[in-house]
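**Q** Below you'll find start_9.cif; it's mmCIF, C-alpha atoms.
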data_run
#
loop_
_atom_site.label_atom_id
_atom_site.label_comp_id
_atom_site.auth_asym_id
_atom_site.auth_seq_id
_atom_site.Cartn_x
_atom_site.Cartn_y
_atom_site.Cartn_z
CA MET A 1 0.00 0.00 0.00
CA ALA A 2 2.96 2.25 0.48
CA VAL A 3 3.13 3.65 -3.00
CA GLY A 4 3.91 7.02 -4.51
CA GLY A 5 5.68 9.79 -2.72
CA ARG A 6 3.71 12.85 -3.77
CA ASP A 7 0.06 13.81 -3.81
CA SER A 8 -1.72 15.50 -6.74
CA LYS A 9 -0.60 18.95 -5.57
CA GLY A 10 3.01 17.88 -5.34
CA GLY A 11 2.87 17.63 -1.55
CA ARG A 12 4.44 14.81 0.43
CA ASP A 13 2.41 11.63 1.01
CA VAL A 14 2.98 11.33 4.74
CA LEU A 15 1.21 7.96 4.90
CA ARG A 16 3.74 6.40 2.56
CA THR A 17 5.86 5.15 5.43
CA VAL A 18 3.39 4.54 8.26
CA GLY A 19 2.34 1.07 7.16
CA GLU A 20 -0.83 -0.52 5.92
CA ALA A 21 -2.42 -0.86 9.35
CA SER A 22 -2.27 2.89 9.93
CA VAL A 23 -3.85 3.59 6.56
CA LEU A 24 -6.65 1.12 7.29
CA VAL A 25 -7.26 2.77 10.67
CA LEU A 26 -7.47 6.20 9.04
CA ILE A 27 -9.92 4.91 6.43
CA SER A 28 -12.05 3.41 9.19
CA LEU A 29 -12.08 6.71 11.08
CA ALA A 30 -12.85 8.74 7.96
CA ASP A 31 -16.63 8.63 8.39
CA ARG A 32 -16.97 8.73 12.18
CA PRO A 33 -15.08 8.21 15.45
CA ARG A 34 -14.53 4.62 16.60
CA HIS A 35 -12.90 2.86 19.54
CA GLY A 36 -10.49 -0.10 19.38
CA TYR A 37 -12.86 -3.03 19.05
CA ALA A 38 -15.11 -1.16 16.58
CA LEU A 39 -12.04 -0.36 14.48
CA ILE A 40 -11.01 -4.00 14.33
CA GLN A 41 -14.52 -5.07 13.32
CA ASP A 42 -14.89 -2.32 10.72
CA ILE A 43 -11.52 -3.00 9.11
CA LYS A 44 -12.34 -6.70 8.94
CA GLU A 45 -15.58 -5.82 7.18
CA PHE A 46 -14.35 -3.35 4.54
CA ALA A 47 -10.82 -4.68 3.94
CA GLY A 48 -11.02 -8.33 4.95
CA VAL A 49 -8.02 -7.77 7.20
CA GLU A 50 -8.03 -9.05 10.78
CA LEU A 51 -5.90 -6.48 12.55
CA GLY A 52 -4.25 -7.80 15.70
CA PRO A 53 -4.98 -5.64 18.75
CA GLY A 54 -1.27 -5.00 19.32
CA THR A 55 -0.94 -3.78 15.75
CA LEU A 56 -4.02 -1.61 16.16
CA TYR A 57 -2.80 0.23 19.25
CA GLY A 58 0.63 0.65 17.69
CA ALA A 59 -0.98 2.24 14.64
CA LEU A 60 -3.20 4.49 16.78
CA ASP A 61 -0.22 5.71 18.81
CA ARG A 62 1.76 6.38 15.64
CA LEU A 63 -1.12 8.29 14.03
CA GLU A 64 -1.71 10.27 17.20
CA ARG A 65 1.97 11.26 17.37
CA LEU A 66 1.67 12.48 13.78
CA GLU A 67 -1.50 14.38 14.81
CA LEU A 68 -3.49 12.56 12.15
CA VAL A 69 -5.99 11.23 14.74
CA GLU A 70 -7.00 12.43 18.18
CA SER A 71 -8.38 10.65 21.21
CA LEU A 72 -11.82 11.69 22.45
CA PRO A 73 -12.89 11.55 26.10
CA ALA A 74 -13.21 7.97 27.34
CA GLU A 75 -16.59 6.24 27.39
CA GLU A 76 -16.25 3.83 30.31
CA ARG A 77 -13.05 1.94 29.44
CA ARG A 78 -13.11 2.80 25.75
CA HIS A 79 -11.27 5.66 24.10
CA PRO A 80 -12.87 6.64 20.80
CA TYR A 81 -10.56 8.12 18.20
CA ARG A 82 -11.36 10.74 15.58
CA ILE A 83 -9.54 11.65 12.38
CA THR A 84 -8.13 15.20 12.39
CA ALA A 85 -8.24 17.68 9.51
CA SER A 86 -4.62 16.94 8.68
CA GLY A 87 -5.40 13.22 8.91
CA ALA A 88 -8.17 13.59 6.34
CA GLN A 89 -5.85 15.60 4.11
CA ALA A 90 -3.11 12.99 4.41
CA LEU A 91 -5.56 10.19 3.65
CA ARG A 92 -6.83 11.98 0.54
CA ALA A 93 -3.27 12.50 -0.67
CA HIS A 94 -2.42 8.86 -0.06
CA LEU A 95 -5.52 7.53 -1.79
CA ASP A 96 -4.79 9.80 -4.79
CA SER A 97 -1.32 8.35 -4.91
CA VAL A 98 -2.57 4.76 -4.68
CA GLU A 99 -5.13 5.46 -7.40
CA ARG A 100 -2.50 6.87 -9.76
CA VAL A 101 -0.29 3.85 -9.33
CA SER A 102 -3.24 1.50 -9.69
CA THR A 103 -4.32 3.16 -12.92
CA ALA A 104 -0.79 2.96 -14.29
CA GLY A 105 -0.59 -0.71 -13.37
CA ARG A 106 -3.87 -1.58 -15.09
CA LEU A 107 -2.89 0.37 -18.18
CA ARG A 108 0.40 -1.45 -18.43
CA LEU A 109 -1.26 -4.82 -18.00
CA GLN A 110 -3.60 -3.85 -20.84
CA LEU A 111 -0.74 -2.74 -23.07
CA GLY A 112 1.15 -5.90 -22.30
CA GLY A 113 -1.86 -7.96 -23.33
CA ILE A 114 -1.43 -10.30 -20.38
CA MET B 115 -7.05 -4.06 33.34
CA ASP B 116 -6.69 -7.40 35.07
CA GLY B 117 -10.34 -8.37 35.14
CA PRO B 118 -11.16 -11.98 35.94
CA ARG B 119 -12.33 -12.72 32.40
CA VAL B 120 -9.02 -11.79 30.80
CA PRO B 121 -6.94 -14.91 30.11
CA ALA B 122 -3.64 -15.10 31.99
CA LEU B 123 -1.70 -15.25 28.74
CA VAL B 124 -3.16 -11.94 27.58
CA ARG B 125 -2.66 -10.35 31.01
CA THR B 126 0.98 -11.38 30.90
CA ALA B 127 1.41 -9.93 27.42
CA LEU B 128 -0.17 -6.65 28.50
CA ARG B 129 2.22 -6.44 31.45
CA CYS B 130 5.08 -6.36 28.94
CA TYR B 131 4.09 -2.86 27.79
CA PRO B 132 5.68 0.22 29.35
CA ALA B 133 3.73 1.61 32.31
CA ARG B 134 2.65 4.76 30.49
CA TRP B 135 1.12 2.62 27.72
CA ARG B 136 -0.70 0.44 30.27
CA GLN B 137 -2.13 3.49 31.98
CA ARG B 138 -3.38 4.81 28.68
CA HIS B 139 -4.61 1.69 26.88
CA GLY B 140 -4.41 -1.16 29.41
CA ASP B 141 -8.07 -1.37 30.42
CA GLU B 142 -9.37 -0.98 26.92
CA ALA B 143 -6.82 -3.43 25.52
CA ALA B 144 -7.93 -6.07 28.03
CA GLU B 145 -11.55 -5.48 27.14
CA VAL B 146 -10.78 -5.73 23.42
CA ALA B 147 -9.04 -9.05 24.06
CA VAL B 148 -12.08 -10.40 25.89
CA LEU B 149 -14.38 -9.31 23.06
CA LEU B 150 -12.13 -10.84 20.40
CA ILE B 151 -11.96 -14.12 22.32
CA ARG B 152 -15.75 -14.03 22.64
CA ASP B 153 -15.87 -13.69 18.83
CA GLY B 154 -13.80 -16.85 18.47
CA GLY B 155 -10.27 -15.45 18.47
CA ALA B 156 -7.51 -17.54 20.04
CA ALA B 157 -6.09 -16.13 23.28
CA SER B 158 -2.60 -17.16 22.16
CA THR B 159 -2.89 -15.20 18.90
CA ILE B 160 -4.13 -12.12 20.74
CA ALA B 161 -1.37 -12.44 23.32
CA ALA B 162 1.21 -12.78 20.53
CA SER B 163 -0.13 -9.63 18.90
CA TYR B 164 0.16 -7.73 22.18
CA LEU B 165 3.66 -9.13 22.79
CA THR B 166 4.79 -7.93 19.37
CA GLY B 167 3.19 -4.57 20.06
CA ALA B 168 4.93 -4.37 23.44
CA ALA B 169 8.32 -5.09 21.87
CA ARG B 170 7.66 -2.43 19.25
CA GLU B 171 6.56 0.00 21.96
CA TRP B 172 9.83 -0.47 23.87
CA LEU B 173 11.87 -0.13 20.71
CA THR B 174 10.11 2.92 19.25
CA PRO B 175 12.00 6.09 20.06
CA LEU B 176 10.11 8.79 21.92
CA PRO B 177 9.77 12.02 19.92
CA GLY B 178 12.97 14.04 19.90
CA ARG B 179 15.22 11.18 21.03
CA ARG B 180 17.77 9.22 19.04
CA VAL B 181 20.11 6.35 19.73
CA SER B 182 23.48 5.48 18.37
CA PRO B 183 23.95 2.57 15.96
CA VAL B 184 26.07 0.93 18.67
CA ALA B 185 23.03 0.69 20.90
CA CYS B 186 21.08 -0.95 18.07
CA VAL B 187 23.85 -3.51 17.59
CA LEU B 188 23.84 -4.20 21.34
CA LEU B 189 20.08 -4.72 21.27
CA ALA B 190 20.33 -7.15 18.36
CA ALA B 191 23.09 -9.03 20.19
CA ALA B 192 21.03 -9.17 23.39
CA CYS B 193 18.03 -10.51 21.49
CA SER B 194 20.17 -13.16 19.77
CA LEU B 195 21.64 -14.23 23.12
CA ALA B 196 18.27 -14.37 24.81
CA LEU B 197 16.78 -16.30 21.91
CA SER B 198 19.64 -18.81 21.99
CA ALA B 199 19.26 -19.16 25.75
CA GLY B 200 15.56 -19.74 25.33
CA LEU B 201 16.11 -22.40 22.67
CA LEU B 202 18.72 -24.14 24.82
CA ALA B 203 16.45 -24.02 27.84
CA SER B 204 13.53 -25.45 25.89
CA ALA B 205 15.73 -28.24 24.49
CA SER B 206 17.06 -29.20 27.91
CA PRO B 207 15.34 -32.09 29.73
CA ALA B 208 15.96 -30.28 33.02
CA ARG B 209 13.55 -27.60 31.92
CA ALA B 210 10.59 -29.76 32.86
CA ALA B 211 11.65 -29.52 36.48
CA THR B 212 12.19 -25.74 36.32
CA PRO B 213 9.31 -24.34 34.30
CA SER B 214 9.95 -20.71 35.25
CA HIS B 215 13.22 -20.47 33.29
CA GLY B 216 13.71 -19.25 29.76
CA HIS B 217 10.61 -17.11 29.43
CA GLY B 218 12.50 -13.95 28.63
CA ALA B 219 13.40 -15.16 25.16
CA VAL B 220 9.81 -15.07 23.96
CA HIS B 221 10.06 -11.32 23.51
CA CYS B 222 12.98 -11.30 21.21
CA ALA B 223 11.60 -13.99 18.99
CA LEU B 224 8.66 -11.70 18.37
CA VAL B 225 10.58 -8.53 17.62
CA PRO B 226 9.98 -7.73 13.97
CA PRO B 227 13.18 -7.34 11.91
CA GLU B 228 12.39 -3.75 11.02
CA ALA B 229 11.95 -2.89 14.68
CA ALA B 230 15.31 -4.37 15.58
CA VAL B 231 17.19 -1.97 13.32
CA LYS B 232 15.26 1.18 14.21
CA PRO B 233 17.00 3.91 16.16
CA VAL B 234 15.94 3.61 19.76
CA ALA B 235 15.93 5.91 22.77
CA ALA B 236 19.04 4.98 24.78
CA SER B 237 17.61 4.79 28.27
CA ARG B 238 14.56 2.78 27.17
CA GLN B 239 16.74 0.43 25.20
CA GLN B 240 19.16 -0.11 28.04
CA ARG B 241 16.27 -0.95 30.35
CA PHE B 242 14.85 -3.32 27.78
CA ILE B 243 18.19 -5.05 27.21
CA GLY B 244 18.69 -5.35 30.96
CA GLU B 245 15.30 -6.94 31.40
CA VAL B 246 15.80 -9.31 28.48
CA LEU B 247 19.20 -10.40 29.78
CA ARG B 248 17.73 -11.01 33.20
CA GLY B 249 15.02 -13.02 31.44
CA ARG B 250 12.14 -11.29 33.19
CA SER B 251 10.68 -8.79 30.76
CA CYS B 252 7.24 -10.14 31.48
#
Mind turning the file's structure into structure tokens?
**A**
Amino acid sequence: MAVGGRDSKGGRDVLRTVGEASVLVLISLADRPRHGYALIQDIKEFAGVELGPGTLYGALDRLERLELVESLPAEERRHPYRITASGAQALRAHLDSVERVSTAGRLRLQLGGI
Amino acid sequence: MDGPRVPALVRTALRCYPARWRQRHGDEAAEVAVLLIRDGGAASTIAASYLTGAAREWLTPLPGRRVSPVACVLLAAACSLALSAGLLASASPARAATPSHGHGAVHCALVPPEAAVKPVAASRQQRFIGEVLRGRSC
């Protein structure tokens, strides 16, 4: 998933190096805030990936350090997380980048006649 | 965090995290483990995921801190030693009579290769190496 280094405006794709789990977490948080278990369930549903809980919390910490997500006040034991404005911007840039590479790959497969 | 429903294996794995992480995520992480097990997940798989996460947490530098390459080499050497010790201990027939030995090696076997070569905060790394060498990280 770590493809492309620049977004459509020539800016840096900051998600290029954070790993697939972090990108999946950001996508899951793109529509509304979620807590840990809800994130795991949602990612399993839309991506077919069973994220381990250790991987999940590692990704959340990394994204929080980069200020791409923020923690909301705890509900009982659960801490919901929300995507920040810069997180949404970074996700858009990354998805643009992935789309460009995907399009190029399909085109080349077509040209190659494979 | 240590509710009665949380399997011992998972509790042990969660104890491997730094204290600040446990204060922040410990309760929720234990609850997530219980829910995943309820959904059919294996406690051992969940514990392994937390163990890997704990190793990564110890090895990830805090913002603004860096470690020399020498420290990274030392960490790799410590992990290799601990892993070898663990393998020897598990191969030894005497181990059956002393089940508490050799547990420290589990950590290093789970450290991902990319984590082992990352720059690490010196004090955190030294503590980690010390605990691994003493075989009581968990």
**Q** What residues in chain A have any atom no more than 6 Å from chain B when counting all atoms listed in the file, and can you write them as number ranges by chain?
**A** A: 37, 52, 54, 77-78
**Q** Pick the closest to A:Glu20 from A:Val98, A:Arg106, A:Tyr81, A:Glu64: which is it, counting all atoms listed in the file?
**A** A:Val98
**Q** Apply the PyMOL selection byres ((chain A and resi 51) around 10) to the file shown and report the selected residues as a list in words.
**A** Ala21, Leu24, Val25, Leu39, Ile40, Gln41, Ile43, Lys44, Gly48, Val49, Glu50, Gly52, Pro53, Gly54, Thr55, Leu56 and Tyr57 of chain A; Ser163 of chain B
**Q** Restricted to C-alpha atoms, what would the selected residues look like written as a CSV table (one decimal), in the frame of the given file?
**A**
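Wrote it out as selection.csv, contents follow:
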chain,number,residue,atom,x,y,z
A,21,ALA,CA,-2.4,-0.9,9.4
A,24,LEU,CA,-6.6,1.1,7.3
A,25,VAL,CA,-7.3,2.8,10.7
A,39,LEU,CA,-12.0,-0.4,14.5
A,40,ILE,CA,-11.0,-4.0,14.3
A,41,GLN,CA,-14.5,-5.1,13.3
A,43,ILE,CA,-11.5,-3.0,9.1
A,44,LYS,CA,-12.3,-6.7,8.9
A,48,GLY,CA,-11.0,-8.3,5.0
A,49,VAL,CA,-8.0,-7.8,7.2
A,50,GLU,CA,-8.0,-9.0,10.8
A,52,GLY,CA,-4.2,-7.8,15.7
A,53,PRO,CA,-5.0,-5.6,18.8
A,54,GLY,CA,-1.3,-5.0,19.3
A,55,THR,CA,-0.9,-3.8,15.8
A,56,LEU,CA,-4.0,-1.6,16.2
A,57,TYR,CA,-2.8,0.2,19.2
B,163,SER,CA,-0.1,-9.6,18.9
**Q** The PyMOL selection byres ((chain A and resi 26) around 10) - which residues does that actually catch in the file I just gave you? List them as a ChimeraX atom specification.
**A** /A:15,20-25,27-31,39,59-60,63,68-69,81-84,87-88,90-91
**Q** Mind giving me the straight-line distance from atom CA of B:Ala157 to atom CA of B:Val120 in Å, one decimal?
**A** 9.2 Å
